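Just below is one structure, and these are the notes that go with it.
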There are 2 protein chains.
Amino acid sequence: MLREKGQRFSKIRREMALVVLEIRRHFNADDVFRELRRRNVRGAHLATVYRTLPLLVQAGIIQPALFSSGERTFYETSFERPHHDHLICTGCGLVVEFELEAIERLQHDVARCHGFELTRHFHELLGECGSCRSASP
Amino acid sequence: MLREKGQRFSKIRREMALVVLEIRRHFNADDVFRELRRRNVRGAHLATVYRTLPLLVQAGIIQPALFSSGERTFYETSFERPHHDHLICTGCGLVVEFELEAIERLQHDVARCHGFELTRHFHELLGECGSCRSASP
DNA sequence: ATCGATGCAAAGGGTTTGCAAGGTT
DNA sequence: AACCTTGCAAACCCTTTGCATCGAT
């Protein structure tokens, strides 16, 4: 695999990379840990998962996500995926990804306005999805 | 004070409300706790602060903020303040508040597009401010 | 007098760390 | 062989909770 950003390449890291690349949803450390066990990666340890996740971020394979969802640190795959933000249903937890060029442009405008050079942004819209709205008046 | 949303009104709560209304910056539970001690509010306890913060949110006096900043739960005063989002310098931690009607409108458009009814949003722009940029090439 | 709020201490849960043992280069 | 990773367990930190007491209505 393509992840020599200065780190060594162990079996566990390989397995973790495979796992996160295959996960479609957003995940946290424990999700990865449980998936590793399910695959019988012998003795994969939760501490190792915690130690490796930041490396995968650095390598550009995953990125943090879903900040508004409270405590847990969530990630999503970033490798070969276009940029997007999230629309989250507060009723059922449904996550929809969206991307709007116009918003991106305005964000840069705002930053420039204040003398900032924009590097990242977190943008999450919370609301109620159609199904939840029709379910509860 | 104007905070009878169904809760009782104790001395500690009164003091806490005063503190958070006077704080200008973003703050966490411990900031409030230390400020209470500084003011010699006798024996104000950290557990009480943790218990009271959600009540102040419910009462519309404060609101959670700065989600991308990692672990700690931060708040800011919301009482009689217009809506705004944050532009944060990753170099020095400077926080600038901004508000752009156009972005707000686009957010609602996006939500509606996907059948969502928008209730809240988190929008944080991260970058480097002017001083930090000139300090480090 | 009743019911909720507080102090205290202890538990809780996710995350991090020190160290010895095992892998990678 | 040198150095990095891992497993393990213990430490950490912020936050929450149980319980007896104190305070508000």
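Residues are named by chain letter and number: chains run A, B, ... in the order of the structure tokens, numbers start at 1 in each chain, and ligands are numbered from 1 in the order shown.
The neighbours of stretch 110-121 of chain B here are the residues that come within 10 Å of it, using only C-alpha atoms (C1' of nucleotides) and leaving out any residue fewer than 4 positions away in the same chain; they are Ser68, His86, Leu87, Ile88, Cys89, Thr90, Val96, Glu97, Phe98, Glu99, Leu100, His123, Glu124, Leu125, Leu126, Gly127, Glu128, Cys129, Gly130, Ser131, Cys132 and Arg133 of chain A; Asp85, Glu104, Arg105 and Leu106 of chain B.
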With C-alpha atoms kept, could you save the residues just selected as a tab-separated table (two decimals), in the first residue's frame?
```
chain	number	residue	atom	x	y	z
A	68	SER	CA	-21.03	18.18	16.71
A	86	HIS	CA	-22.41	16.79	6.59
A	87	LEU	CA	-26.11	17.16	7.06
A	88	ILE	CA	-27.19	15.24	10.11
A	89	CYS	CA	-30.68	14.26	11.23
A	90	THR	CA	-31.15	14.88	14.93
A	96	VAL	CA	-26.05	13.01	4.31
A	97	GLU	CA	-22.94	14.36	2.66
A	98	PHE	CA	-23.14	17.52	0.64
A	99	GLU	CA	-20.85	19.84	-1.23
A	100	LEU	CA	-21.63	23.30	-2.47
A	123	HIS	CA	-19.40	22.56	8.64
A	124	GLU	CA	-22.25	20.47	9.95
A	125	LEU	CA	-25.93	21.14	9.43
A	126	LEU	CA	-28.31	19.65	11.97
A	127	GLY	CA	-31.98	19.23	11.39
A	128	GLU	CA	-34.77	16.75	10.91
A	129	CYS	CA	-34.94	14.61	7.82
A	130	GLY	CA	-38.11	14.07	5.82
A	131	SER	CA	-39.04	10.74	7.36
A	132	CYS	CA	-38.58	11.96	10.90
A	133	ARG	CA	-40.63	15.04	10.20
B	85	ASP	CA	-19.82	31.40	13.50
B	104	GLU	CA	-26.96	31.09	6.15
B	105	ARG	CA	-29.28	31.13	3.17
B	106	LEU	CA	-27.25	28.54	1.28
```
Once you count only C-alpha atoms (C1' of nucleotides), which residues of chain A turn out to be within 9 Å of chain D? Could you give them as an NGL selection string? :A and (8 or 10 or 43-45 or 47-48)
Prev. selection, C-alpha atoms, output as a CSV table (one decimal), in the first residue's frame:
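Final file, again32.csv:
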```
chain,number,residue,atom,x,y,z
A,8,ARG,CA,7.0,1.9,9.5
A,10,SER,CA,3.6,-3.3,10.3
A,43,GLY,CA,-4.6,-9.7,19.4
A,44,ALA,CA,-5.0,-6.3,17.9
A,45,HIS,CA,-5.1,-4.1,20.8
A,47,ALA,CA,-4.2,1.0,22.5
A,48,THR,CA,-2.6,0.3,19.2
```
Those in chain B with strand (DSSP E or B) from DSSP, as a short mmCIF file (atom, residue, chain, number, x, y, z; two decimals) with C-alpha atoms, in the first residue's frame:
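For reference, result.cif as written:
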```cif
data_model
loop_
_atom_site.label_atom_id
_atom_site.label_comp_id
_atom_site.auth_asym_id
_atom_site.auth_seq_id
_atom_site.Cartn_x
_atom_site.Cartn_y
_atom_site.Cartn_z
CA PHE B 27 -14.94 29.05 28.38
CA ILE B 62 -25.04 30.19 27.03
CA GLN B 63 -24.48 27.74 24.20
CA PRO B 64 -21.86 25.14 23.31
CA ALA B 65 -19.17 26.33 20.93
CA PHE B 74 -16.55 24.92 25.43
CA TYR B 75 -19.34 27.42 25.81
CA GLU B 76 -19.99 31.02 24.94
CA THR B 77 -22.60 33.53 26.02
CA ASP B 85 -19.82 31.40 13.50
CA HIS B 86 -16.10 31.14 14.19
CA LEU B 87 -12.89 31.66 12.35
CA ILE B 88 -10.04 30.16 14.33
CA CYS B 89 -6.31 30.61 13.93
CA VAL B 95 -11.01 33.38 17.50
CA VAL B 96 -12.86 35.76 15.21
CA GLU B 97 -16.62 35.72 14.98
CA PHE B 98 -18.31 36.21 11.66
CA GLU B 117 -35.66 21.06 8.19
CA LEU B 118 -32.59 22.88 9.47
CA THR B 119 -32.49 23.57 13.19
CA ARG B 120 -28.85 24.27 14.00
CA HIS B 121 -25.46 24.27 12.40
CA PHE B 122 -21.80 24.20 13.33
CA HIS B 123 -19.51 26.12 11.14
CA GLU B 124 -15.89 26.68 12.02
CA LEU B 125 -13.22 27.90 9.67
CA LEU B 126 -9.64 27.06 10.55
CA GLY B 127 -6.65 28.82 9.13
CA GLU B 128 -3.72 31.06 9.90
#
```
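You can rank A:Asp109, A:Glu35, A:Asp30, A:Glu101 by their closest distance to A:Thr73 using only C-alpha atoms, and at the top of that list sits A:Asp30.
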Backbone-only DSSP, alpha helix (DSSP H) members of stretch 15-107 of chain B, as a PyMOL selection string: chain B and resi 15-22+29-38+46-58+101-107
Grab the residues selected above and save them as a compact mmCIF listing (two decimals), in the first residue's frame with N, CA, C and O atoms.
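That gives us result_1.txt:
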```txt
# COMPACT_ATOMS: atom_id res chain seq x y z
N GLU B 15 -24.76 33.32 40.87
CA GLU B 15 -23.35 33.69 40.68
C GLU B 15 -22.82 33.16 39.36
O GLU B 15 -22.08 33.84 38.65
N MET B 16 -23.21 31.93 39.03
CA MET B 16 -22.73 31.35 37.78
C MET B 16 -23.24 32.14 36.59
O MET B 16 -22.50 32.39 35.63
N ALA B 17 -24.50 32.53 36.66
CA ALA B 17 -25.06 33.32 35.56
C ALA B 17 -24.29 34.62 35.40
O ALA B 17 -23.94 35.02 34.29
N LEU B 18 -24.00 35.26 36.54
CA LEU B 18 -23.24 36.52 36.48
C LEU B 18 -21.88 36.29 35.84
O LEU B 18 -21.44 37.06 34.99
N VAL B 19 -21.23 35.21 36.28
CA VAL B 19 -19.89 34.94 35.75
C VAL B 19 -19.93 34.75 34.23
O VAL B 19 -19.19 35.40 33.50
N VAL B 20 -20.81 33.88 33.76
CA VAL B 20 -20.79 33.58 32.32
C VAL B 20 -21.24 34.78 31.50
O VAL B 20 -20.82 34.96 30.36
N LEU B 21 -22.07 35.62 32.09
CA LEU B 21 -22.49 36.80 31.33
C LEU B 21 -21.37 37.81 31.20
O LEU B 21 -21.36 38.62 30.28
N GLU B 22 -20.44 37.75 32.13
CA GLU B 22 -19.35 38.72 32.09
C GLU B 22 -18.15 38.22 31.31
O GLU B 22 -17.33 39.00 30.84
N ALA B 29 -16.00 24.34 31.73
CA ALA B 29 -16.46 24.20 33.11
C ALA B 29 -15.42 24.67 34.10
O ALA B 29 -15.73 25.38 35.07
N ASP B 30 -14.18 24.32 33.85
CA ASP B 30 -13.14 24.67 34.80
C ASP B 30 -12.91 26.18 34.86
O ASP B 30 -12.61 26.72 35.94
N ASP B 31 -13.03 26.87 33.75
CA ASP B 31 -12.90 28.33 33.76
C ASP B 31 -13.92 28.94 34.69
O ASP B 31 -13.61 29.83 35.49
N VAL B 32 -15.15 28.47 34.59
CA VAL B 32 -16.20 29.01 35.44
C VAL B 32 -15.91 28.70 36.90
O VAL B 32 -16.02 29.56 37.77
N PHE B 33 -15.50 27.48 37.13
CA PHE B 33 -15.17 27.05 38.49
C PHE B 33 -14.10 27.94 39.11
O PHE B 33 -14.26 28.46 40.22
N ARG B 34 -13.02 28.14 38.37
CA ARG B 34 -11.93 28.96 38.91
C ARG B 34 -12.36 30.40 39.12
O ARG B 34 -11.97 31.03 40.12
N GLU B 35 -13.19 30.92 38.25
CA GLU B 35 -13.66 32.29 38.41
C GLU B 35 -14.55 32.41 39.64
O GLU B 35 -14.50 33.41 40.38
N LEU B 36 -15.35 31.38 39.90
CA LEU B 36 -16.19 31.39 41.09
C LEU B 36 -15.33 31.43 42.35
O LEU B 36 -15.61 32.17 43.30
N ARG B 37 -14.29 30.63 42.35
CA ARG B 37 -13.41 30.61 43.52
C ARG B 37 -12.75 31.97 43.69
O ARG B 37 -12.61 32.48 44.80
N ARG B 38 -12.29 32.54 42.58
CA ARG B 38 -11.63 33.82 42.64
C ARG B 38 -12.55 34.85 43.28
O ARG B 38 -12.10 35.76 43.99
N LEU B 46 -16.96 22.01 41.66
CA LEU B 46 -16.89 21.73 40.23
C LEU B 46 -18.08 20.90 39.76
O LEU B 46 -18.62 21.12 38.67
N ALA B 47 -18.51 19.96 40.58
CA ALA B 47 -19.65 19.13 40.20
C ALA B 47 -20.88 19.99 39.99
O ALA B 47 -21.68 19.75 39.08
N THR B 48 -21.03 20.99 40.81
CA THR B 48 -22.18 21.88 40.68
C THR B 48 -22.10 22.67 39.38
O THR B 48 -23.10 22.88 38.70
N VAL B 49 -20.91 23.09 39.04
CA VAL B 49 -20.73 23.79 37.77
C VAL B 49 -21.17 22.89 36.63
O VAL B 49 -21.93 23.30 35.76
N TYR B 50 -20.70 21.67 36.65
CA TYR B 50 -21.08 20.73 35.60
C TYR B 50 -22.58 20.52 35.57
O TYR B 50 -23.19 20.35 34.52
N ARG B 51 -23.19 20.52 36.74
CA ARG B 51 -24.63 20.31 36.79
C ARG B 51 -25.39 21.54 36.31
O ARG B 51 -26.50 21.43 35.76
N THR B 52 -24.82 22.69 36.51
CA THR B 52 -25.54 23.92 36.21
C THR B 52 -25.38 24.39 34.76
O THR B 52 -26.30 24.97 34.19
N LEU B 53 -24.24 24.10 34.16
CA LEU B 53 -24.02 24.56 32.79
C LEU B 53 -25.16 24.17 31.84
O LEU B 53 -25.65 25.02 31.09
N PRO B 54 -25.61 22.93 31.86
CA PRO B 54 -26.72 22.56 30.97
C PRO B 54 -27.98 23.37 31.24
O PRO B 54 -28.76 23.65 30.33
N LEU B 55 -28.19 23.75 32.49
CA LEU B 55 -29.36 24.56 32.81
C LEU B 55 -29.25 25.93 32.18
O LEU B 55 -30.24 26.49 31.69
N LEU B 56 -28.06 26.49 32.21
CA LEU B 56 -27.86 27.80 31.60
C LEU B 56 -28.05 27.72 30.09
O LEU B 56 -28.53 28.67 29.47
N VAL B 57 -27.68 26.59 29.52
CA VAL B 57 -27.91 26.40 28.09
C VAL B 57 -29.41 26.39 27.83
O VAL B 57 -29.90 27.10 26.95
N GLN B 58 -30.11 25.60 28.62
CA GLN B 58 -31.55 25.50 28.46
C GLN B 58 -32.23 26.85 28.62
O GLN B 58 -33.23 27.15 27.97
N GLU B 101 -24.92 36.43 5.86
CA GLU B 101 -26.30 36.09 5.48
C GLU B 101 -26.34 35.12 4.31
O GLU B 101 -27.13 34.17 4.29
N ALA B 102 -25.45 35.33 3.36
CA ALA B 102 -25.46 34.48 2.16
C ALA B 102 -25.20 33.02 2.51
O ALA B 102 -25.84 32.11 1.98
N ILE B 103 -24.28 32.80 3.43
CA ILE B 103 -23.99 31.42 3.82
C ILE B 103 -25.18 30.81 4.54
O ILE B 103 -25.57 29.67 4.28
N GLU B 104 -25.78 31.59 5.43
CA GLU B 104 -26.96 31.09 6.15
C GLU B 104 -28.04 30.64 5.16
O GLU B 104 -28.66 29.61 5.32
N ARG B 105 -28.24 31.45 4.15
CA ARG B 105 -29.28 31.13 3.17
C ARG B 105 -28.93 29.84 2.44
O ARG B 105 -29.78 28.98 2.25
N LEU B 106 -27.67 29.74 2.02
CA LEU B 106 -27.25 28.54 1.28
C LEU B 106 -27.40 27.29 2.13
O LEU B 106 -27.75 26.21 1.64
N GLN B 107 -27.14 27.42 3.42
CA GLN B 107 -27.29 26.27 4.30
C GLN B 107 -28.72 25.77 4.30
O GLN B 107 -28.98 24.57 4.22
```
Could you list, as a list in words, the residues of chain C having an atom within 12 Å of chain A when counting only C-alpha atoms (C1' of nucleotides)?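 Close enough to count are DG13, DG14, DT15, DT16, DT17, DG23, DT24 and DT25 of chain C.
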